[in-house]
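Next comes entry-v9.pdb, a file with PDB, C-alpha atoms.
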ATOM      1  CA  MET A1430      23.097   6.936 -12.876  1.00  0.00           C
ATOM      2  CA  SER A1431      21.288   3.857 -11.633  1.00  0.00           C
ATOM      3  CA  LEU A1432      17.851   2.710 -12.787  1.00  0.00           C
ATOM      4  CA  PRO A1433      14.738   3.067 -10.597  1.00  0.00           C
ATOM      5  CA  THR A1434      14.190  -0.127  -8.623  1.00  0.00           C
ATOM      6  CA  SER A1435      10.757  -0.538 -10.232  1.00  0.00           C
ATOM      7  CA  LEU A1436      12.266  -0.492 -13.741  1.00  0.00           C
ATOM      8  CA  SER A1437      15.053  -2.874 -12.722  1.00  0.00           C
ATOM      9  CA  GLN A1438      12.458  -5.344 -11.433  1.00  0.00           C
ATOM     10  CA  HIS A1439      10.490  -4.909 -14.662  1.00  0.00           C
ATOM     11  CA  ILE A1440      13.567  -5.781 -16.749  1.00  0.00           C
ATOM     12  CA  ILE A1441      13.950  -9.021 -14.788  1.00  0.00           C
ATOM     13  CA  ARG A1442      10.334 -10.206 -14.859  1.00  0.00           C
ATOM     14  CA  ARG A1443       9.075  -8.710 -18.160  1.00  0.00           C
ATOM     15  CA  PRO A1444      12.078  -9.035 -20.526  1.00  0.00           C
ATOM     16  CA  GLN A1445       9.904  -9.313 -23.644  1.00  0.00           C
ATOM     17  CA  ARG A1446       8.816  -5.701 -23.226  1.00  0.00           C
ATOM     18  CA  ILE A1447      12.371  -4.479 -22.779  1.00  0.00           C
ATOM     19  CA  ALA A1448      13.306  -6.445 -25.916  1.00  0.00           C
ATOM     20  CA  LEU A1449      10.832  -4.226 -27.783  1.00  0.00           C
ATOM     21  CA  LEU A1450      13.395  -1.430 -27.372  1.00  0.00           C
ATOM     22  CA  ALA A1451      15.808  -3.365 -29.577  1.00  0.00           C
ATOM     23  CA  HIS A1452      13.177  -3.688 -32.316  1.00  0.00           C
ATOM     24  CA  ILE A1453      12.454   0.051 -32.147  1.00  0.00           C
ATOM     25  CA  ALA A1454      16.162   0.848 -32.415  1.00  0.00           C
ATOM     26  CA  GLU A1455      16.448  -1.424 -35.457  1.00  0.00           C
ATOM     27  CA  GLN A1456      13.188  -0.537 -37.226  1.00  0.00           C
ATOM     28  CA  GLY A1457      12.638   3.131 -36.346  1.00  0.00           C
ATOM     29  CA  SER A1458       8.903   2.482 -36.538  1.00  0.00           C
ATOM     30  CA  ILE A1459       6.357   1.295 -33.984  1.00  0.00           C
ATOM     31  CA  THR A1460       4.406  -0.570 -36.663  1.00  0.00           C
ATOM     32  CA  ARG A1461       7.441  -2.523 -37.859  1.00  0.00           C
ATOM     33  CA  ALA A1462       8.850  -2.977 -34.351  1.00  0.00           C
ATOM     34  CA  ALA A1463       5.526  -4.372 -33.120  1.00  0.00           C
ATOM     35  CA  LYS A1464       5.405  -6.829 -36.013  1.00  0.00           C
ATOM     36  CA  SER A1465       8.974  -7.979 -35.334  1.00  0.00           C
ATOM     37  CA  ALA A1466       8.155  -8.457 -31.643  1.00  0.00           C
ATOM     38  CA  GLY A1467       4.908 -10.315 -32.387  1.00  0.00           C
ATOM     39  CA  LEU A1468       2.756  -7.578 -30.853  1.00  0.00           C
ATOM     40  CA  SER A1469      -0.165  -5.510 -32.063  1.00  0.00           C
ATOM     41  CA  TYR A1470       0.407  -1.791 -32.614  1.00  0.00           C
ATOM     42  CA  LYS A1471      -1.723  -1.041 -29.540  1.00  0.00           C
ATOM     43  CA  ALA A1472       0.111  -3.591 -27.370  1.00  0.00           C
ATOM     44  CA  ALA A1473       3.435  -2.088 -28.414  1.00  0.00           C
ATOM     45  CA  TRP A1474       2.368   1.401 -27.345  1.00  0.00           C
ATOM     46  CA  ASP A1475       0.930   0.000 -24.093  1.00  0.00           C
ATOM     47  CA  ALA A1476       4.380  -1.472 -23.399  1.00  0.00           C
ATOM     48  CA  ILE A1477       6.117   1.794 -24.264  1.00  0.00           C
ATOM     49  CA  ASP A1478       3.781   3.814 -22.039  1.00  0.00           C
ATOM     50  CA  GLU A1479       4.465   1.440 -19.146  1.00  0.00           C
ATOM     51  CA  LEU A1480       8.236   1.623 -19.628  1.00  0.00           C
ATOM     52  CA  ASN A1481       8.217   5.425 -19.935  1.00  0.00           C
ATOM     53  CA  ASN A1482       6.097   5.717 -16.786  1.00  0.00           C
ATOM     54  CA  LEU A1483       8.397   3.465 -14.751  1.00  0.00           C
ATOM     55  CA  ALA A1484      11.614   5.147 -15.894  1.00  0.00           C
ATOM     56  CA  GLN A1485      12.880   8.443 -14.508  1.00  0.00           C
ATOM     57  CA  LYS A1486      13.250   9.691 -18.082  1.00  0.00           C
ATOM     58  CA  PRO A1487      11.306   8.622 -21.224  1.00  0.00           C
ATOM     59  CA  LEU A1488      12.879   5.684 -23.044  1.00  0.00           C
ATOM     60  CA  VAL A1489      11.024   6.104 -26.348  1.00  0.00           C
ATOM     61  CA  GLU A1490       9.824   9.197 -28.145  1.00  0.00           C
ATOM     62  CA  ARG A1491       7.456   9.467 -31.082  1.00  0.00           C
ATOM     63  CA  SER A1492       8.820  10.943 -34.282  1.00  0.00           C
ATOM     64  CA  VAL A1493       6.968  12.442 -37.248  1.00  0.00           C
ATOM     65  CA  GLY A1494       4.348  10.153 -38.791  1.00  0.00           C
ATOM     66  CA  GLY A1495       0.643   9.530 -39.178  1.00  0.00           C
ATOM     67  CA  LYS A1496      -1.654   7.622 -36.850  1.00  0.00           C
ATOM     68  CA  GLY A1497      -0.907   3.914 -36.940  1.00  0.00           C
ATOM     69  CA  GLY A1498       2.293   4.434 -38.896  1.00  0.00           C
ATOM     70  CA  GLY A1499       4.228   7.003 -36.906  1.00  0.00           C
ATOM     71  CA  GLY A1500       7.914   6.567 -36.314  1.00  0.00           C
ATOM     72  CA  ALA A1501       9.648   6.193 -32.976  1.00  0.00           C
ATOM     73  CA  LYS A1502      13.187   6.262 -31.687  1.00  0.00           C
ATOM     74  CA  LEU A1503      15.016   5.547 -28.457  1.00  0.00           C
ATOM     75  CA  THR A1504      16.092   8.437 -26.285  1.00  0.00           C
ATOM     76  CA  ALA A1505      19.596   8.465 -24.811  1.00  0.00           C
ATOM     77  CA  GLU A1506      18.115   6.889 -21.676  1.00  0.00           C
ATOM     78  CA  GLY A1507      16.380   4.245 -23.795  1.00  0.00           C
ATOM     79  CA  GLU A1508      19.678   3.352 -25.459  1.00  0.00           C
ATOM     80  CA  ARG A1509      21.293   3.044 -22.017  1.00  0.00           C
ATOM     81  CA  VAL A1510      18.539   0.733 -20.753  1.00  0.00           C
ATOM     82  CA  LEU A1511      18.827  -1.367 -23.908  1.00  0.00           C
ATOM     83  CA  ARG A1512      22.562  -1.798 -23.304  1.00  0.00           C
ATOM     84  CA  LEU A1513      21.801  -2.849 -19.731  1.00  0.00           C
ATOM     85  CA  TYR A1514      19.241  -5.390 -20.977  1.00  0.00           C
ATOM     86  CA  GLN A1515      21.748  -6.833 -23.425  1.00  0.00           C
ATOM     87  CA  ARG A1516      24.282  -7.257 -20.610  1.00  0.00           C
ATOM     88  CA  LEU A1517      21.580  -8.892 -18.506  1.00  0.00           C
ATOM     89  CA  GLN A1518      20.915 -11.385 -21.330  1.00  0.00           C
ATOM     90  CA  VAL A1519      24.571 -12.472 -21.171  1.00  0.00           C
ATOM     91  CA  LEU A1520      24.368 -12.922 -17.400  1.00  0.00           C
ATOM     92  CA  GLN A1521      21.091 -14.819 -17.743  1.00  0.00           C
ATOM     93  CA  ALA A1522      22.645 -17.223 -20.226  1.00  0.00           C
ATOM     94  CA  GLN A1523      25.449 -17.885 -17.759  1.00  0.00           C
ATOM     95  CA  VAL A1524      22.997 -18.545 -14.914  1.00  0.00           C
ATOM     96  CA  LEU A1525      20.792 -20.835 -17.007  1.00  0.00           C
ATOM     97  CA  GLY A1526      23.908 -22.757 -17.954  1.00  0.00           C
ATOM     98  CA  SER A1527      24.616 -23.506 -14.314  1.00  0.00           C
ATOM     99  CA  ASP A1528      23.467 -26.497 -12.285  1.00  0.00           C
ATOM    100  CA  GLU A1529      20.333 -24.805 -10.931  1.00  0.00           C
ATOM    101  CA  ASP A1530      17.150 -26.808 -11.467  1.00  0.00           C
ATOM    102  CA  ALA A1531      14.666 -25.278 -13.934  1.00  0.00           C
ATOM    103  CA  SER A1532      11.911 -25.635 -11.324  1.00  0.00           C
ATOM    104  CA  ASP A1533      13.758 -23.119  -9.133  1.00  0.00           C
ATOM    105  CA  PHE A1534      13.476 -20.500 -11.864  1.00  0.00           C
ATOM    106  CA  ASN A1535       9.779 -21.318 -12.298  1.00  0.00           C
ATOM    107  CA  LEU A1536       9.298 -20.785  -8.563  1.00  0.00           C
ATOM    108  CA  LEU A1537      10.905 -17.357  -8.764  1.00  0.00           C
ATOM    109  CA  GLY A1538       8.650 -16.513 -11.706  1.00  0.00           C
ATOM    110  CA  ARG A1539       5.537 -17.379  -9.687  1.00  0.00           C
ATOM    111  CA  LEU A1540       6.683 -15.110  -6.871  1.00  0.00           C
ATOM    112  CA  MET A1541       6.942 -12.072  -9.164  1.00  0.00           C
ATOM    113  CA  LEU A1542       3.834  -9.904  -9.379  1.00  0.00           C
ATOM    114  CA  ARG A1543       1.970  -8.929 -12.527  1.00  0.00           C
ATOM    115  CA  THR A1544      -0.935  -6.509 -12.347  1.00  0.00           C
ATOM    116  CA  SER A1545      -3.932  -5.697 -14.504  1.00  0.00           C
ATOM    117  CA  ALA A1546      -3.747  -1.990 -13.583  1.00  0.00           C
ATOM    118  CA  ARG A1547      -3.148  -0.009 -16.781  1.00  0.00           C
ATOM    119  CA  ASN A1548      -1.479   2.917 -15.027  1.00  0.00           C
ATOM    120  CA  GLN A1549       1.815   2.258 -13.272  1.00  0.00           C
ATOM    121  CA  LEU A1550       3.697   5.353 -12.139  1.00  0.00           C
ATOM    122  CA  HIS A1551       7.107   5.297 -10.503  1.00  0.00           C
ATOM    123  CA  GLY A1552       7.447   7.616  -7.516  1.00  0.00           C
ATOM    124  CA  GLN A1553       9.208   8.247  -4.232  1.00  0.00           C
ATOM    125  CA  VAL A1554       7.597   8.711  -0.820  1.00  0.00           C
ATOM    126  CA  ILE A1555       8.028  12.317   0.345  1.00  0.00           C
ATOM    127  CA  ALA A1556       5.523  12.416   3.223  1.00  0.00           C
ATOM    128  CA  ILE A1557       3.333  10.149   5.354  1.00  0.00           C
ATOM    129  CA  GLU A1558       0.417  11.607   7.297  1.00  0.00           C
ATOM    130  CA  SER A1559      -1.611   9.588   9.792  1.00  0.00           C
ATOM    131  CA  HIS A1560      -5.423   9.744   9.562  1.00  0.00           C
ATOM    132  CA  GLY A1561      -6.706   7.319  12.172  1.00  0.00           C
ATOM    133  CA  ARG A1562      -6.341   3.799  10.845  1.00  0.00           C
ATOM    134  CA  ASN A1563      -5.319   5.108   7.446  1.00  0.00           C
ATOM    135  CA  ASP A1564      -2.217   6.885   6.184  1.00  0.00           C
ATOM    136  CA  MET A1565      -1.985   9.448   3.406  1.00  0.00           C
ATOM    137  CA  ILE A1566       1.149   8.712   1.395  1.00  0.00           C
ATOM    138  CA  ARG A1567       2.486  11.589  -0.687  1.00  0.00           C
ATOM    139  CA  LEU A1568       4.527  10.576  -3.714  1.00  0.00           C
ATOM    140  CA  GLN A1569       6.913  12.634  -5.821  1.00  0.00           C
ATOM    141  CA  LEU A1570       6.796  11.698  -9.511  1.00  0.00           C
ATOM    142  CA  SER A1571       9.231  12.840 -12.155  1.00  0.00           C
ATOM    143  CA  GLY A1572       8.916  16.357 -13.518  1.00  0.00           C
ATOM    144  CA  ALA A1573       7.826  17.852 -10.166  1.00  0.00           C
ATOM    145  CA  LEU A1574       4.433  16.099 -10.301  1.00  0.00           C
ATOM    146  CA  SER A1575       3.010  14.469  -7.196  1.00  0.00           C
ATOM    147  CA  LEU A1576       0.041  12.417  -6.074  1.00  0.00           C
ATOM    148  CA  SER A1577      -1.491  11.086  -2.858  1.00  0.00           C
ATOM    149  CA  ALA A1578      -2.446   7.521  -1.980  1.00  0.00           C
ATOM    150  CA  GLN A1579      -4.606   6.508   0.973  1.00  0.00           C
ATOM    151  CA  ILE A1580      -3.777   3.108   2.449  1.00  0.00           C
ATOM    152  CA  THR A1581      -4.214   1.491   5.838  1.00  0.00           C
ATOM    153  CA  HIS A1582      -1.558   1.999   8.484  1.00  0.00           C
ATOM    154  CA  ASP A1583      -1.029  -1.771   8.501  1.00  0.00           C
ATOM    155  CA  SER A1584      -0.189  -1.579   4.786  1.00  0.00           C
ATOM    156  CA  THR A1585       2.307   1.218   5.459  1.00  0.00           C
ATOM    157  CA  LEU A1586       4.062  -1.007   7.982  1.00  0.00           C
ATOM    158  CA  ARG A1587       3.906  -4.125   5.797  1.00  0.00           C
ATOM    159  CA  LEU A1588       5.403  -2.280   2.803  1.00  0.00           C
ATOM    160  CA  GLU A1589       7.978  -0.675   5.129  1.00  0.00           C
ATOM    161  CA  LEU A1590       7.172   2.746   3.721  1.00  0.00           C
ATOM    162  CA  GLU A1591       9.131   5.766   4.851  1.00  0.00           C
ATOM    163  CA  THR A1592      10.402   8.959   3.286  1.00  0.00           C
ATOM    164  CA  GLY A1593      12.700   8.207   0.365  1.00  0.00           C
ATOM    165  CA  VAL A1594      11.345   4.732  -0.430  1.00  0.00           C
ATOM    166  CA  GLU A1595      10.666   4.089  -4.139  1.00  0.00           C
ATOM    167  CA  VAL A1596       7.225   2.700  -4.984  1.00  0.00           C
ATOM    168  CA  VAL A1597       4.973   2.072  -7.960  1.00  0.00           C
ATOM    169  CA  ALA A1598       1.521   3.641  -7.879  1.00  0.00           C
ATOM    170  CA  LEU A1599      -1.113   1.471  -9.590  1.00  0.00           C
ATOM    171  CA  ILE A1600      -4.356   3.036 -10.831  1.00  0.00           C
ATOM    172  CA  LYS A1601      -6.948   1.190 -12.900  1.00  0.00           C
ATOM    173  CA  ALA A1602      -8.088   3.012 -16.018  1.00  0.00           C
ATOM    174  CA  GLY A1603     -11.720   2.870 -14.882  1.00  0.00           C
ATOM    175  CA  TRP A1604     -10.871   4.802 -11.721  1.00  0.00           C
ATOM    176  CA  LEU A1605      -9.850   7.934 -13.642  1.00  0.00           C
ATOM    177  CA  GLU A1606     -12.397  10.660 -14.376  1.00  0.00           C
ATOM    178  CA  LEU A1607     -11.924  13.224 -17.119  1.00  0.00           C
ATOM    179  CA  LEU A1608     -12.636  16.900 -16.467  1.00  0.00           C
ATOM    180  CA  ALA A1609     -12.682  19.905 -18.756  1.00  0.00           C
ATOM    181  CA  LEU A1610      -9.724  22.247 -18.393  1.00  0.00           C
ATOM    182  CA  GLY A1611     -10.560  24.712 -15.627  1.00  0.00           C
ATOM    183  CA  GLN A1612     -13.313  22.539 -14.137  1.00  0.00           C
ATOM    184  CA  VAL A1613     -13.060  22.358 -10.338  1.00  0.00           C
ATOM    185  CA  ALA A1614     -11.925  18.943  -9.133  1.00  0.00           C
ATOM    186  CA  THR A1615     -13.550  17.041  -6.287  1.00  0.00           C
ATOM    187  CA  PRO A1616     -11.999  18.193  -2.983  1.00  0.00           C
ATOM    188  CA  GLY A1617      -9.344  15.808  -1.741  1.00  0.00           C
ATOM    189  CA  HIS A1618      -8.898  14.106  -5.121  1.00  0.00           C
ATOM    190  CA  ASN A1619      -5.703  13.956  -7.126  1.00  0.00           C
ATOM    191  CA  CYS A1620      -6.006  16.140 -10.208  1.00  0.00           C
ATOM    192  CA  MET A1621      -3.534  16.318 -13.082  1.00  0.00           C
ATOM    193  CA  SER A1622      -3.553  18.279 -16.305  1.00  0.00           C
ATOM    194  CA  GLY A1623      -2.354  16.854 -19.583  1.00  0.00           C
ATOM    195  CA  VAL A1624      -2.986  16.612 -23.296  1.00  0.00           C
ATOM    196  CA  ILE A1625      -5.062  13.931 -25.012  1.00  0.00           C
ATOM    197  CA  GLU A1626      -2.641  11.868 -27.074  1.00  0.00           C
ATOM    198  CA  THR A1627      -5.019   9.264 -28.462  1.00  0.00           C
ATOM    199  CA  ILE A1628      -8.688   8.285 -28.273  1.00  0.00           C
ATOM    200  CA  LEU A1629      -9.335   4.648 -29.130  1.00  0.00           C
ATOM    201  CA  ASP A1630     -13.026   4.019 -29.716  1.00  0.00           C
ATOM    202  CA  ALA A1631     -14.476   0.628 -28.872  1.00  0.00           C
ATOM    203  CA  ASP A1632     -17.222  -1.122 -30.814  1.00  0.00           C
ATOM    204  CA  ASP A1633     -19.159  -1.694 -27.610  1.00  0.00           C
ATOM    205  CA  GLY A1634     -18.289   0.037 -24.354  1.00  0.00           C
ATOM    206  CA  PRO A1635     -16.125   2.928 -23.189  1.00  0.00           C
ATOM    207  CA  SER A1636     -13.397   4.511 -25.258  1.00  0.00           C
ATOM    208  CA  GLU A1637      -9.772   4.406 -24.165  1.00  0.00           C
ATOM    209  CA  VAL A1638      -8.220   7.835 -23.698  1.00  0.00           C
ATOM    210  CA  ARG A1639      -4.464   8.284 -23.332  1.00  0.00           C
ATOM    211  CA  ILE A1640      -3.368  11.499 -21.652  1.00  0.00           C
ATOM    212  CA  THR A1641       0.235  12.699 -21.781  1.00  0.00           C
ATOM    213  CA  LEU A1642       1.286  14.474 -18.580  1.00  0.00           C
ATOM    214  CA  PRO A1643       3.784  17.377 -18.544  1.00  0.00           C
ATOM    215  CA  ASN A1644       6.539  15.002 -17.364  1.00  0.00           C
ATOM    216  CA  GLY A1645       6.005  12.716 -20.368  1.00  0.00           C
ATOM    217  CA  GLN A1646       4.254   9.953 -18.422  1.00  0.00           C
ATOM    218  CA  VAL A1647       0.987   8.683 -19.877  1.00  0.00           C
ATOM    219  CA  LEU A1648      -2.274   7.930 -18.101  1.00  0.00           C
ATOM    220  CA  CYS A1649      -4.916   5.693 -19.622  1.00  0.00           C
ATOM    221  CA  ALA A1650      -8.557   6.454 -18.790  1.00  0.00           C
ATOM    222  CA  LEU A1651     -11.878   4.938 -19.867  1.00  0.00           C
ATOM    223  CA  ALA A1652     -14.782   7.183 -20.801  1.00  0.00           C
ATOM    224  CA  GLN A1653     -18.161   6.690 -22.412  1.00  0.00           C
ATOM    225  CA  PRO A1654     -18.597   8.284 -25.862  1.00  0.00           C
ATOM    226  CA  ALA A1655     -21.356  10.557 -24.536  1.00  0.00           C
ATOM    227  CA  ALA A1656     -19.037  11.895 -21.817  1.00  0.00           C
ATOM    228  CA  LEU A1657     -16.282  12.548 -24.360  1.00  0.00           C
ATOM    229  CA  LYS A1658     -18.751  14.375 -26.596  1.00  0.00           C
ATOM    230  CA  ALA A1659     -19.871  16.546 -23.680  1.00  0.00           C
ATOM    231  CA  LEU A1660     -16.244  17.423 -22.953  1.00  0.00           C
ATOM    232  CA  LYS A1661     -15.605  18.054 -26.665  1.00  0.00           C
ATOM    233  CA  ALA A1662     -12.612  15.771 -26.200  1.00  0.00           C
ATOM    234  CA  ALA A1663     -10.246  15.461 -29.140  1.00  0.00           C
ATOM    235  CA  GLU A1664      -6.664  14.414 -29.742  1.00  0.00           C
ATOM    236  CA  GLY A1665      -4.283  17.255 -28.929  1.00  0.00           C
ATOM    237  CA  GLN A1666      -6.772  18.915 -26.558  1.00  0.00           C
ATOM    238  CA  PRO A1667      -5.766  19.862 -22.985  1.00  0.00           C
ATOM    239  CA  ILE A1668      -7.751  18.031 -20.315  1.00  0.00           C
ATOM    240  CA  GLN A1669      -7.747  17.208 -16.621  1.00  0.00           C
ATOM    241  CA  VAL A1670      -7.942  13.806 -14.985  1.00  0.00           C
ATOM    242  CA  GLN A1671      -8.907  13.219 -11.359  1.00  0.00           C
ATOM    243  CA  PHE A1672      -8.893  10.173  -9.092  1.00  0.00           C
ATOM    244  CA  SER A1673      -9.380   9.490  -5.403  1.00  0.00           C
ATOM    245  CA  PRO A1674      -6.330   8.747  -3.198  1.00  0.00           C
ATOM    246  CA  SER A1675      -8.194   5.647  -2.023  1.00  0.00           C
ATOM    247  CA  ASN A1676      -8.073   4.353  -5.628  1.00  0.00           C
ATOM    248  CA  VAL A1677      -4.273   4.416  -5.731  1.00  0.00           C
ATOM    249  CA  LEU A1678      -2.605   1.091  -4.931  1.00  0.00           C
ATOM    250  CA  LEU A1679       1.058   1.024  -3.919  1.00  0.00           C
ATOM    251  CA  GLY A1680       3.616  -1.650  -4.645  1.00  0.00           C
ATOM    252  CA  THR A1681       7.246  -2.125  -3.663  1.00  0.00           C
ATOM    253  CA  PRO A1682       9.846  -4.549  -5.047  1.00  0.00           C
ATOM    254  CA  VAL A1683       9.918  -7.972  -3.370  1.00  0.00           C
TER     255      VAL A1683
END
Once more with this new file: its structure as structure tokens, please.
Amino acid sequence: MSLPTSLSQHIIRRPQRIALLAHIAEQGSITRAAKSAGLSYKAAWDAIDELNNLAQKPLVERSVGGKGGGGAKLTAEGERVLRLYQRLQVLQAQVLGSDEDASDFNLLGRLMLRTSARNQLHGQVIAIESHGRNDMIRLQLSGALSLSAQITHDSTLRLELETGVEVVALIKAGWLELLALGQVATPGHNCMSGVIETILDADDGPSEVRITLPNGQVLCALAQPAALKALKAAEGQPIQVQFSPSNVLLGTPV
């Protein structure tokens, strides 16, 4: 089975995050793996969430342990991706040992896109509906989940979108709104149900809320403490998250 194009591109342009898989396999602990990789505990889980969201199957799963010290292990898919990364390292060493100028590799690096969007979900286009100058793009995610993105028709043409094309949906954390389970969502909005995995309080500003979806992908939302209190939000509690299709950005591999 081949890797999603989005994950393959990620391996090429963000190898340090893939290397985190090796540390997890060796250490069996996120805390120790993060230290070995030179990352904070939070940064390590951010990386894992991103990798799990881009893959068709989760690469890392949490094992028994307390907050901040819980264990983790690679899934069978994670072990497969790690083997692929290790093979890629060998190929990379061969390429870097060739006569290519280092500036050429720097140029390629500048052409690769990084994004500040916290939520990156891999999906496949299953429908495109025209709405005047805009198109509604329907995406199939893993685990039978789906979402809609509204983009201009020009963007549809520029990205060469059609049924079957793999894309990455980008959604900023601040664009997600939390709803109580059973609360009616805004008409036309995407709405997904999940379970609160973690609430990270900030000293000043909104808290970060990580929601695990039924397919194992994780969404990161920002919410003010007062809003969380009104929702009686707590770790392990079911919750809904909604967002407008116009707040979903789409990206395709270059």
Report, as JSON, the centre and edge lengths in Å (one decimal) of the axis-aligned box enclosing every listed atom of range 1484-1490 of chain A, padded by 8 Å on each side.
{"center_x": 11.5, "center_y": 7.4, "center_z": -21.3, "size_x": 19.4, "size_y": 20.5, "size_z": 29.6}
For this session: Report as a ChimeraX atom specification the residues that result from applying the PyMOL selection byres ((chain A and resi 1656-1666) around 8) to the structure here.
Result: /A:1608-1609,1624-1628,1652-1655,1667-1668
Resulting file, chosen residues, C-alpha atoms, as a CSV table (one decimal), in the coordinates of the input:
chain,number,residue,atom,x,y,z
A,1608,LEU,CA,-12.6,16.9,-16.5
A,1609,ALA,CA,-12.7,19.9,-18.8
A,1624,VAL,CA,-3.0,16.6,-23.3
A,1625,ILE,CA,-5.1,13.9,-25.0
A,1626,GLU,CA,-2.6,11.9,-27.1
A,1627,THR,CA,-5.0,9.3,-28.5
A,1628,ILE,CA,-8.7,8.3,-28.3
A,1652,ALA,CA,-14.8,7.2,-20.8
A,1653,GLN,CA,-18.2,6.7,-22.4
A,1654,PRO,CA,-18.6,8.3,-25.9
A,1655,ALA,CA,-21.4,10.6,-24.5
A,1667,PRO,CA,-5.8,19.9,-23.0
A,1668,ILE,CA,-7.8,18.0,-20.3
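In this comparison, which uses only C-alpha atoms, the residue of A:Ser1675, A:Leu1488, A:Glu1508, A:Leu1503 approaching Asp1564 in chain A most closely is A:Ser1675.
The gap separating CA of Gln1549 in chain A from CA of Leu1599 in chain A is 4.8 Å, in Å to one decimal.
Nearest to Leu1586 in chain A of all the residues A:Leu1574, A:Ala1546, A:Ile1557, A:Ala1602 is A:Ile1557, counting all atoms listed in the file.
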Problem set entry | Selection under test: the PyMOL selection byres ((chain A and resi 1617) around 10); residues as a ChimeraX atom specification | /A:1577,1614-1616,1618-1620,1671-1674
Just the selected residues (C-alpha atoms), exported as a CSV table (one decimal), keeping the file's coordinate frame, please.
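File written: part_33.csv
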chain,number,residue,atom,x,y,z
A,1577,SER,CA,-1.5,11.1,-2.9
A,1614,ALA,CA,-11.9,18.9,-9.1
A,1615,THR,CA,-13.6,17.0,-6.3
A,1616,PRO,CA,-12.0,18.2,-3.0
A,1618,HIS,CA,-8.9,14.1,-5.1
A,1619,ASN,CA,-5.7,14.0,-7.1
A,1620,CYS,CA,-6.0,16.1,-10.2
A,1671,GLN,CA,-8.9,13.2,-11.4
A,1672,PHE,CA,-8.9,10.2,-9.1
A,1673,SER,CA,-9.4,9.5,-5.4
A,1674,PRO,CA,-6.3,8.7,-3.2
Problem set entry | Who sits within 8 Å of Ala1448 in chain A, all atoms listed in the file, same chain under 6 positions skipped, as a count of residues only | 3
For this session: Within 8 Å of Ala1598 in chain A, counting all atoms listed in the file, which residues show up once you throw out same-chain ones fewer than 6 positions away? Write them as a VMD selection string, please.
Result: chain A and resid 1548 to 1552 1677 to 1680
Can you pull out the residues contacting range 1472-1477 of chain A? Cut-off 12 Å, using all atoms listed in the file, and skip same-chain residues under 5 positions away; I want them as a compact mmCIF listing (two decimals) with C-alpha atoms, keeping the file's coordinate frame.
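Generated file (part32.txt):
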# COMPACT_ATOMS: atom_id res chain seq x y z
CA HIS A 1439 10.49 -4.91 -14.66
CA ARG A 1443 9.07 -8.71 -18.16
CA PRO A 1444 12.08 -9.04 -20.53
CA GLN A 1445 9.90 -9.31 -23.64
CA ARG A 1446 8.82 -5.70 -23.23
CA ILE A 1447 12.37 -4.48 -22.78
CA ALA A 1448 13.31 -6.44 -25.92
CA LEU A 1449 10.83 -4.23 -27.78
CA LEU A 1450 13.40 -1.43 -27.37
CA HIS A 1452 13.18 -3.69 -32.32
CA ILE A 1453 12.45 0.05 -32.15
CA SER A 1458 8.90 2.48 -36.54
CA ILE A 1459 6.36 1.30 -33.98
CA THR A 1460 4.41 -0.57 -36.66
CA ARG A 1461 7.44 -2.52 -37.86
CA ALA A 1462 8.85 -2.98 -34.35
CA ALA A 1463 5.53 -4.37 -33.12
CA LYS A 1464 5.40 -6.83 -36.01
CA SER A 1465 8.97 -7.98 -35.33
CA ALA A 1466 8.15 -8.46 -31.64
CA GLY A 1467 4.91 -10.32 -32.39
CA ASN A 1482 6.10 5.72 -16.79
CA LEU A 1483 8.40 3.46 -14.75
CA ALA A 1484 11.61 5.15 -15.89
CA PRO A 1487 11.31 8.62 -21.22
CA LEU A 1488 12.88 5.68 -23.04
CA VAL A 1489 11.02 6.10 -26.35
CA GLU A 1490 9.82 9.20 -28.14
CA ARG A 1491 7.46 9.47 -31.08
CA GLY A 1497 -0.91 3.91 -36.94
CA GLY A 1498 2.29 4.43 -38.90
CA GLY A 1499 4.23 7.00 -36.91
CA GLY A 1500 7.91 6.57 -36.31
CA ALA A 1501 9.65 6.19 -32.98
CA LYS A 1502 13.19 6.26 -31.69
CA LEU A 1503 15.02 5.55 -28.46
CA GLY A 1507 16.38 4.24 -23.80
CA ALA A 1546 -3.75 -1.99 -13.58
CA ARG A 1547 -3.15 -0.01 -16.78
CA ASN A 1548 -1.48 2.92 -15.03
CA GLN A 1549 1.82 2.26 -13.27
CA GLU A 1626 -2.64 11.87 -27.07
CA THR A 1627 -5.02 9.26 -28.46
CA GLU A 1637 -9.77 4.41 -24.16
CA ARG A 1639 -4.46 8.28 -23.33
CA GLY A 1645 6.00 12.72 -20.37
CA GLN A 1646 4.25 9.95 -18.42
CA VAL A 1647 0.99 8.68 -19.88
CA LEU A 1648 -2.27 7.93 -18.10
CA CYS A 1649 -4.92 5.69 -19.62
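Remark: for Gly1603 in chain A, the closest of the candidate residues A:Ser1636, A:Ser1575, A:Thr1504, A:Gln1456 is A:Ser1636 (distances computed over only C-alpha atoms).
Minimum atom-to-atom distance to Ala1578 in chain A, evaluated using all atoms listed in the file, belongs to A:Ala1556 out of A:Ile1640, A:Val1594, A:Leu1480, A:Ala1556.
The interatomic distance for the pair CA of Leu1651 in chain A and CA of Leu1605 in chain A works out to 7.2 Å.
When CA of Asn1481 in chain A is paired with CA of Thr1641 in chain A, their separation reads 11.0 Å.
Nearest residue to Leu1642 in chain A among A:Leu1629, A:Gln1553, A:Ser1622, A:Leu1568 is A:Ser1622, counting all atoms listed in the file.
If all atoms listed in the file are the atoms counted, then among A:Met1621, A:Leu1610, A:Ala1573, A:Val1554 the closest residue to Gly1593 in chain A is A:Val1554.
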